[in-house]
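The structure file protein-v5.tsv is reproduced below (TSV, C-alpha atoms and all ligand atoms).
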chain	number	residue	atom	x	y	z
A	12	MET	CA	-20.79	9.99	-3.67
A	13	PRO	CA	-22.41	7.30	-1.48
A	14	ALA	CA	-20.00	5.18	0.54
A	15	ARG	CA	-18.13	2.60	-1.51
A	16	ARG	CA	-15.96	-0.30	-0.42
A	17	LEU	CA	-13.08	-0.83	-2.80
A	18	ILE	CA	-9.91	-2.83	-3.26
A	19	PHE	CA	-6.91	-1.25	-4.98
A	20	LEU	CA	-4.73	-3.93	-6.52
A	21	GLY	CA	-1.42	-3.47	-8.31
A	22	PRO	CA	2.33	-3.86	-7.96
A	23	PRO	CA	4.30	-1.66	-5.58
A	24	GLY	CA	4.90	1.75	-7.13
A	25	SER	CA	1.90	1.55	-9.47
A	26	GLY	CA	0.29	4.61	-7.88
A	27	LYS	CA	-2.47	2.82	-6.00
A	28	GLY	CA	-1.58	4.43	-2.67
A	29	THR	CA	-1.54	7.93	-4.15
A	30	GLN	CA	-4.89	7.33	-5.83
A	31	ALA	CA	-6.38	5.78	-2.69
A	32	THR	CA	-5.42	8.92	-0.74
A	33	ARG	CA	-6.97	11.21	-3.37
A	34	LEU	CA	-10.22	9.27	-3.71
A	35	ALA	CA	-10.62	8.84	0.05
A	36	GLU	CA	-9.99	12.54	0.74
A	37	ARG	CA	-12.39	13.62	-1.99
A	38	ASN	CA	-15.26	11.46	-0.73
A	39	GLY	CA	-14.66	11.32	3.02
A	40	TRP	CA	-13.84	7.62	2.86
A	41	VAL	CA	-11.03	5.87	4.74
A	42	GLN	CA	-7.84	4.57	3.15
A	43	LEU	CA	-6.75	1.35	4.82
A	44	SER	CA	-3.16	0.72	3.71
A	45	SER	CA	-1.80	-2.63	4.86
A	46	GLY	CA	1.81	-1.47	4.46
A	47	ASP	CA	1.19	1.66	6.56
A	48	ALA	CA	-0.61	-0.44	9.20
A	49	LEU	CA	2.38	-2.78	9.47
A	50	ARG	CA	4.87	0.10	9.56
A	51	ARG	CA	2.83	1.61	12.44
A	52	GLU	CA	2.94	-1.72	14.30
A	53	ARG	CA	6.71	-1.78	13.88
A	54	LYS	CA	7.10	1.79	15.11
A	55	GLU	CA	5.07	0.92	18.20
A	56	GLY	CA	7.22	-2.19	18.73
A	57	SER	CA	4.15	-4.45	18.99
A	58	GLU	CA	4.34	-8.23	18.66
A	59	ILE	CA	2.73	-8.01	15.21
A	60	GLY	CA	5.33	-5.42	14.22
A	61	ARG	CA	8.15	-7.68	15.40
A	62	LYS	CA	6.69	-10.64	13.48
A	63	ALA	CA	6.31	-8.59	10.30
A	64	ALA	CA	9.74	-6.92	10.30
A	65	GLN	CA	11.85	-9.68	8.77
A	66	TYR	CA	9.41	-10.20	5.87
A	67	MET	CA	9.05	-6.50	5.13
A	68	ASP	CA	12.80	-5.92	5.09
A	69	ALA	CA	13.27	-8.84	2.70
A	70	GLY	CA	10.46	-7.69	0.39
A	71	THR	CA	8.39	-10.84	0.97
A	72	LEU	CA	4.86	-11.12	2.38
A	73	VAL	CA	4.02	-11.35	6.06
A	74	PRO	CA	1.92	-14.44	6.93
A	75	ASP	CA	-1.69	-14.32	5.73
A	76	ASP	CA	-3.25	-14.70	9.19
A	77	VAL	CA	-1.19	-11.82	10.61
A	78	ILE	CA	-2.18	-9.26	7.97
A	79	THR	CA	-5.76	-10.46	7.71
A	80	GLY	CA	-6.20	-9.96	11.46
A	81	VAL	CA	-4.74	-6.45	11.24
A	82	MET	CA	-6.98	-5.42	8.35
A	83	LEU	CA	-10.25	-6.82	9.67
A	84	ALA	CA	-9.52	-5.13	13.01
A	85	ALA	CA	-9.07	-1.85	11.08
A	86	VAL	CA	-12.43	-2.35	9.34
A	87	ASP	CA	-14.06	-2.99	12.72
A	88	LYS	CA	-12.78	0.37	14.02
A	89	LEU	CA	-14.62	2.32	11.29
A	90	PRO	CA	-17.94	3.97	12.06
A	91	SER	CA	-20.72	1.89	10.50
A	92	GLY	CA	-21.58	2.89	6.93
A	93	SER	CA	-18.04	4.19	6.24
A	94	GLY	CA	-16.64	3.98	2.73
A	95	PHE	CA	-13.17	2.46	2.61
A	96	ILE	CA	-10.38	1.61	0.20
A	97	LEU	CA	-8.24	-1.43	0.92
A	98	ASP	CA	-4.79	-0.43	-0.36
A	99	GLY	CA	-2.29	-3.32	-0.55
A	100	PHE	CA	-4.66	-5.93	0.89
A	101	PRO	CA	-5.49	-8.65	-0.03
A	102	ARG	CA	-2.23	-9.79	-1.62
A	103	THR	CA	-2.79	-13.56	-1.87
A	104	VAL	CA	-5.74	-15.78	-2.75
A	105	PRO	CA	-6.05	-17.06	0.87
A	106	GLN	CA	-6.17	-13.43	2.07
A	107	ALA	CA	-8.93	-12.70	-0.46
A	108	GLN	CA	-10.89	-15.73	0.73
A	109	SER	CA	-10.53	-14.71	4.38
A	110	LEU	CA	-11.58	-11.17	3.47
A	111	ASP	CA	-14.69	-12.49	1.68
A	112	GLY	CA	-15.60	-14.51	4.78
A	113	GLY	CA	-14.85	-11.64	7.17
A	114	LEU	CA	-16.90	-9.12	5.19
A	115	LYS	CA	-19.81	-11.53	4.87
A	116	GLN	CA	-19.89	-11.95	8.66
A	117	ARG	CA	-20.02	-8.17	8.96
A	118	LYS	CA	-22.74	-7.93	6.26
A	119	LEU	CA	-20.46	-5.87	4.02
A	120	ARG	CA	-19.37	-6.39	0.44
A	121	ILE	CA	-16.77	-5.04	-1.99
A	122	ASP	CA	-18.24	-2.82	-4.75
A	123	ALA	CA	-15.25	-2.80	-7.12
A	124	VAL	CA	-11.61	-3.82	-7.46
A	125	VAL	CA	-9.30	-1.48	-9.37
A	126	ASP	CA	-6.18	-3.03	-10.90
A	127	PHE	CA	-3.33	-0.53	-11.48
A	128	ARG	CA	-1.14	-1.65	-14.41
A	129	LEU	CA	2.40	-0.45	-15.08
A	130	ALA	CA	5.49	-1.84	-16.87
A	131	ASP	CA	8.28	-3.27	-14.67
A	132	GLU	CA	11.00	-0.76	-15.71
A	133	GLU	CA	8.72	2.14	-14.84
A	134	ILE	CA	7.82	0.55	-11.49
A	135	VAL	CA	11.47	0.24	-10.50
A	136	ARG	CA	12.21	3.80	-11.62
A	137	ARG	CA	9.27	5.21	-9.67
A	138	ILE	CA	10.01	3.28	-6.49
A	139	VAL	CA	13.67	4.16	-6.23
A	140	GLU	CA	12.71	7.84	-6.66
A	141	ARG	CA	9.93	7.61	-4.07
A	142	ARG	CA	10.23	9.55	-0.81
A	143	VAL	CA	7.83	9.27	2.14
A	144	CYS	CA	7.05	11.61	5.02
A	145	GLN	CA	8.17	10.10	8.32
A	146	SER	CA	5.30	11.81	10.15
A	147	CYS	CA	2.20	11.62	7.94
A	148	GLN	CA	3.22	9.00	5.31
A	149	ALA	CA	2.49	11.40	2.39
A	150	THR	CA	4.31	10.17	-0.71
A	151	TYR	CA	6.44	12.13	-3.20
A	152	ASN	CA	8.50	11.35	-6.28
A	153	LEU	CA	11.75	13.17	-6.97
A	154	SER	CA	10.95	13.44	-10.72
A	155	PHE	CA	7.24	13.95	-11.12
A	156	LEU	CA	5.84	14.84	-7.70
A	157	PRO	CA	8.68	16.61	-5.84
A	158	PRO	CA	8.04	18.36	-2.51
A	159	ARG	CA	8.03	22.19	-2.64
A	160	VAL	CA	11.01	22.32	-0.26
A	161	PRO	CA	13.54	19.50	-0.83
A	162	GLY	CA	13.43	16.91	1.96
A	163	LYS	CA	10.31	18.38	3.65
A	164	CYS	CA	6.68	17.26	3.50
A	165	ASP	CA	4.32	19.83	1.88
A	166	LYS	CA	1.46	18.74	4.14
A	167	CYS	CA	3.04	18.65	7.61
A	168	GLY	CA	6.68	19.78	7.28
A	169	GLY	CA	7.93	16.33	8.38
A	170	GLY	CA	11.22	14.92	7.09
A	171	LEU	CA	11.14	12.85	3.92
A	172	ILE	CA	12.94	9.51	3.81
A	173	GLN	CA	13.48	6.66	1.38
A	174	ARG	CA	11.80	3.53	2.76
A	175	PRO	CA	14.43	0.83	3.38
A	176	ASP	CA	12.46	-1.56	1.15
A	177	ASP	CA	12.40	1.00	-1.68
A	178	HIS	CA	16.08	0.35	-2.44
A	179	ARG	CA	16.59	-1.29	-5.84
A	180	GLU	CA	17.65	-4.75	-4.56
A	181	VAL	CA	14.53	-5.16	-2.42
A	182	VAL	CA	12.25	-3.74	-5.13
A	183	VAL	CA	13.19	-6.59	-7.46
A	184	THR	CA	12.13	-9.15	-4.81
A	185	ARG	CA	8.90	-7.25	-4.14
A	186	LEU	CA	8.05	-7.34	-7.84
A	187	GLU	CA	8.73	-11.08	-8.05
A	188	THR	CA	6.61	-11.62	-4.95
A	189	TYR	CA	3.81	-9.62	-6.55
A	190	LYS	CA	3.86	-11.69	-9.73
A	191	ALA	CA	3.94	-15.03	-7.92
A	192	GLN	CA	1.48	-14.35	-5.11
A	193	THR	CA	-0.68	-11.32	-5.89
A	194	ALA	CA	-1.19	-11.41	-9.67
A	195	PRO	CA	-3.56	-14.44	-9.33
A	196	LEU	CA	-6.02	-12.07	-7.65
A	197	VAL	CA	-6.67	-10.47	-11.05
A	198	GLU	CA	-8.31	-13.72	-12.12
A	199	TYR	CA	-10.00	-14.16	-8.72
A	200	TYR	CA	-11.79	-10.80	-8.91
A	201	SER	CA	-12.43	-10.95	-12.69
A	202	GLN	CA	-14.36	-14.17	-12.15
A	203	ARG	CA	-16.49	-12.35	-9.60
A	204	GLY	CA	-17.19	-9.53	-12.08
A	205	LEU	CA	-15.55	-6.94	-9.83
A	206	LEU	CA	-12.29	-6.09	-11.60
A	207	SER	CA	-11.49	-3.04	-13.75
A	208	ALA	CA	-7.98	-2.11	-14.90
A	209	VAL	CA	-6.43	1.33	-15.17
A	210	ASP	CA	-3.37	2.33	-17.17
A	211	SER	CA	-1.02	3.78	-14.54
A	212	SER	CA	1.52	5.08	-17.04
A	213	THR	CA	-0.47	8.28	-17.55
A	214	GLY	CA	-0.07	11.20	-15.11
A	215	ALA	CA	-1.69	11.09	-11.65
A	216	ASP	CA	-4.61	13.33	-12.75
A	217	ALA	CA	-5.38	11.14	-15.76
A	218	VAL	CA	-5.25	8.01	-13.59
A	219	GLU	CA	-7.56	9.71	-11.08
A	220	ALA	CA	-10.09	10.34	-13.87
A	221	GLN	CA	-9.96	6.66	-14.90
A	222	VAL	CA	-10.48	5.56	-11.29
A	223	SER	CA	-13.42	7.94	-10.84
A	224	ARG	CA	-15.16	6.56	-13.91
A	225	ILE	CA	-14.81	3.00	-12.57
A	226	VAL	CA	-16.04	3.89	-9.10
A	227	ASP	CA	-19.00	5.88	-10.49
A	228	ALA	CA	-19.99	2.96	-12.70
A	229	ALA	CA	-19.72	0.54	-9.76
A	230	GLY	CA	-22.15	2.77	-7.87
A	231	ARG	CA	-24.73	2.55	-10.60
A	232	GLY	CA	-24.47	-1.23	-10.92
A	301	LIG	P1	3.57	-1.82	0.90
A	301	LIG	O1	3.76	-0.53	1.62
A	301	LIG	O2	2.13	-2.07	0.51
A	301	LIG	O3	4.50	-1.97	-0.29
A	301	LIG	O4	3.95	-2.99	1.93
A	301	LIG	C1	5.23	-3.07	2.50
A	301	LIG	C2	5.49	-4.48	2.98
A	301	LIG	O5	4.52	-4.84	3.99
A	301	LIG	C3	5.36	-5.56	1.92
A	301	LIG	O6	6.54	-5.73	1.16
A	301	LIG	C4	5.05	-6.79	2.78
A	301	LIG	O7	6.20	-7.28	3.44
A	301	LIG	C5	4.14	-6.20	3.86
A	301	LIG	N1	2.71	-6.26	3.44
A	301	LIG	C6	1.88	-5.22	3.15
A	301	LIG	N2	0.65	-5.65	2.81
A	301	LIG	C7	0.70	-7.01	2.89
A	301	LIG	C8	-0.24	-8.04	2.65
A	301	LIG	N3	-1.51	-7.79	2.25
A	301	LIG	N4	0.17	-9.32	2.84
A	301	LIG	C9	1.41	-9.62	3.25
A	301	LIG	N5	2.36	-8.70	3.47
A	301	LIG	C10	2.01	-7.40	3.31
Would you put the structure from the file into structure tokens?
Amino acid sequence: MPARRLIFLGPPGSGKGTQATRLAERNGWVQLSSGDALRRERKEGSEIGRKAAQYMDAGTLVPDDVITGVMLAAVDKLPSGSGFILDGFPRTVPQAQSLDGGLKQRKLRIDAVVDFRLADEEIVRRIVERRVCQSCQATYNLSFLPPRVPGKCDKCGGGLIQRPDDHREVVVTRLETYKAQTAPLVEYYSQRGLLSAVDSSTGADAVEAQVSRIVDAAGRG
């Protein structure tokens, strides 16, 4: 498929990261996950990582200018003409406005925004069962996507951990943060005619099929 530039929107645990990985791998596009970018900054001990840490641990959002800088810098590192999926960014209306401005300057535009919808109880259940590879960030779920060998990543053999912010207490704050600060983006992108919703309660393969239909249609538009 020709290169597409997409935004994946949705609460934590709604499957947007898993689907971004699948779609990017299938098409040779790049997944730009804001959460992974910040976790990398923290691992490296950079100033951005130090600034972001307190917010991430509390389940609140890092300041708009910090994350916007990180994400536009990531876009600038891509070879020209690359397809990409913004996964977890933007998460506030000011971030979306800065992204619009930044993309315009670079003569790029978003082709479609996919909104992943899932009920709160299911979100909490999925997140507390989520495990992540320390080395390659691949994601598993103890119930419906377990690793072949317990505690080990299928892809690289790395150790699987529970993210500190995937503990139940922090998840509740992350969900509240999503509703207060990120949910308004549904309206923002609907008004621009870019938004399509998927029902994330179906299995990963069924969600993938829904996403593919949306992305195909965006290509024809
Ligand atoms: P995630 O892996 O997408 O759930 O992100 C983990 C944490 O990183 C979030 O709880 C926020 O603290 C921070 N974060 C990720 N993306 C953003 C963003 N677009 N704006 C602000 N904070 C973010």
Problem - Nearest-residue call for Val222 in chain A, choices A:Leu34, A:Leu49, A:Ala149, A:Leu110, using all atoms listed in the file - result: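 For Val222 in chain A, the nearest of the candidates is A:Leu34.
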Around the point (-6.8, -3.7, -0.3) (coordinates from the file), which residues reach within 9 Å if we count only C-alpha atoms? Answer as a PDB file with C-alpha atoms, keeping the file's coordinate frame.
ATOM      1  CA  LEU A  17     -13.080  -0.830  -2.800  1.00  0.00           C
ATOM      2  CA  ILE A  18      -9.910  -2.830  -3.260  1.00  0.00           C
ATOM      3  CA  PHE A  19      -6.910  -1.250  -4.980  1.00  0.00           C
ATOM      4  CA  LEU A  20      -4.730  -3.930  -6.520  1.00  0.00           C
ATOM      5  CA  LEU A  43      -6.750   1.350   4.820  1.00  0.00           C
ATOM      6  CA  SER A  44      -3.160   0.720   3.710  1.00  0.00           C
ATOM      7  CA  SER A  45      -1.800  -2.630   4.860  1.00  0.00           C
ATOM      8  CA  MET A  82      -6.980  -5.420   8.350  1.00  0.00           C
ATOM      9  CA  ILE A  96     -10.380   1.610   0.200  1.00  0.00           C
ATOM     10  CA  LEU A  97      -8.240  -1.430   0.920  1.00  0.00           C
ATOM     11  CA  ASP A  98      -4.790  -0.430  -0.360  1.00  0.00           C
ATOM     12  CA  GLY A  99      -2.290  -3.320  -0.550  1.00  0.00           C
ATOM     13  CA  PHE A 100      -4.660  -5.930   0.890  1.00  0.00           C
ATOM     14  CA  PRO A 101      -5.490  -8.650  -0.030  1.00  0.00           C
ATOM     15  CA  ARG A 102      -2.230  -9.790  -1.620  1.00  0.00           C
ATOM     16  CA  VAL A 124     -11.610  -3.820  -7.460  1.00  0.00           C
TER      17      VAL A 124
END
Handout entry: Residue neighbourhood range 61-72 of chain A, 10 Å, all atoms listed in the file, exclusion window fewer than 6 positions, as a PyMOL selection string
Key = chain A and resi 46+49-50+52-55+78+102-103+174-177+180-189+192-193
Exercise for the section: Choose the residue, out of A:Val143, A:Val218, A:Leu83, A:Val73, that has the smallest atom-to-atom separation from ligand LIG 301 (chain A); count only C-alpha atoms and all ligand atoms. Expected result: A:Val73
Handout entry: Distance in Å - CA of Leu153 in chain A versus CA of Glu140 in chain A
Key = 5.4 Å
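Minimum distance to ligand LIG 301 (chain A) across A:Ser57, A:Arg141, A:Pro90, A:Asp131 (counting only C-alpha atoms and all ligand atoms) occurs at A:Arg141.
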Problem - Closest of A:Arg142, A:Arg120, A:Arg203, A:Lys190 to Arg15 in chain A - atom-to-atom distances counting only C-alpha atoms - result: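 Looking at the shortest contact to Arg15 in chain A, the residue is A:Arg120.
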Practice task
Give me, please, the distance in Å between CA of Pro105 in chain A and CA of Val197 in chain A, quoted to one decimal.
Solution key: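 Between CA of Pro105 in chain A and CA of Val197 in chain A the gap is 13.6 Å.
Using all atoms listed in the file, the shortest contact distance between Pro161 in chain A and any of A:Ser91, A:Cys144, A:Ser207, A:Thr79 is found at A:Cys144.
CA of Gly56 in chain A is found 28.1 Å from CA of Ala35 in chain A.
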Practice task
Could you please give me, as a PyMOL selection string, the residues of protein, DNA or RNA lying at most 12 Å from (12.4, 4.4, -14.9) in the coordinate frame of the file, considering all atoms listed in the file?
Solution key: chain A and resi 24+129-141+152-155+179+212
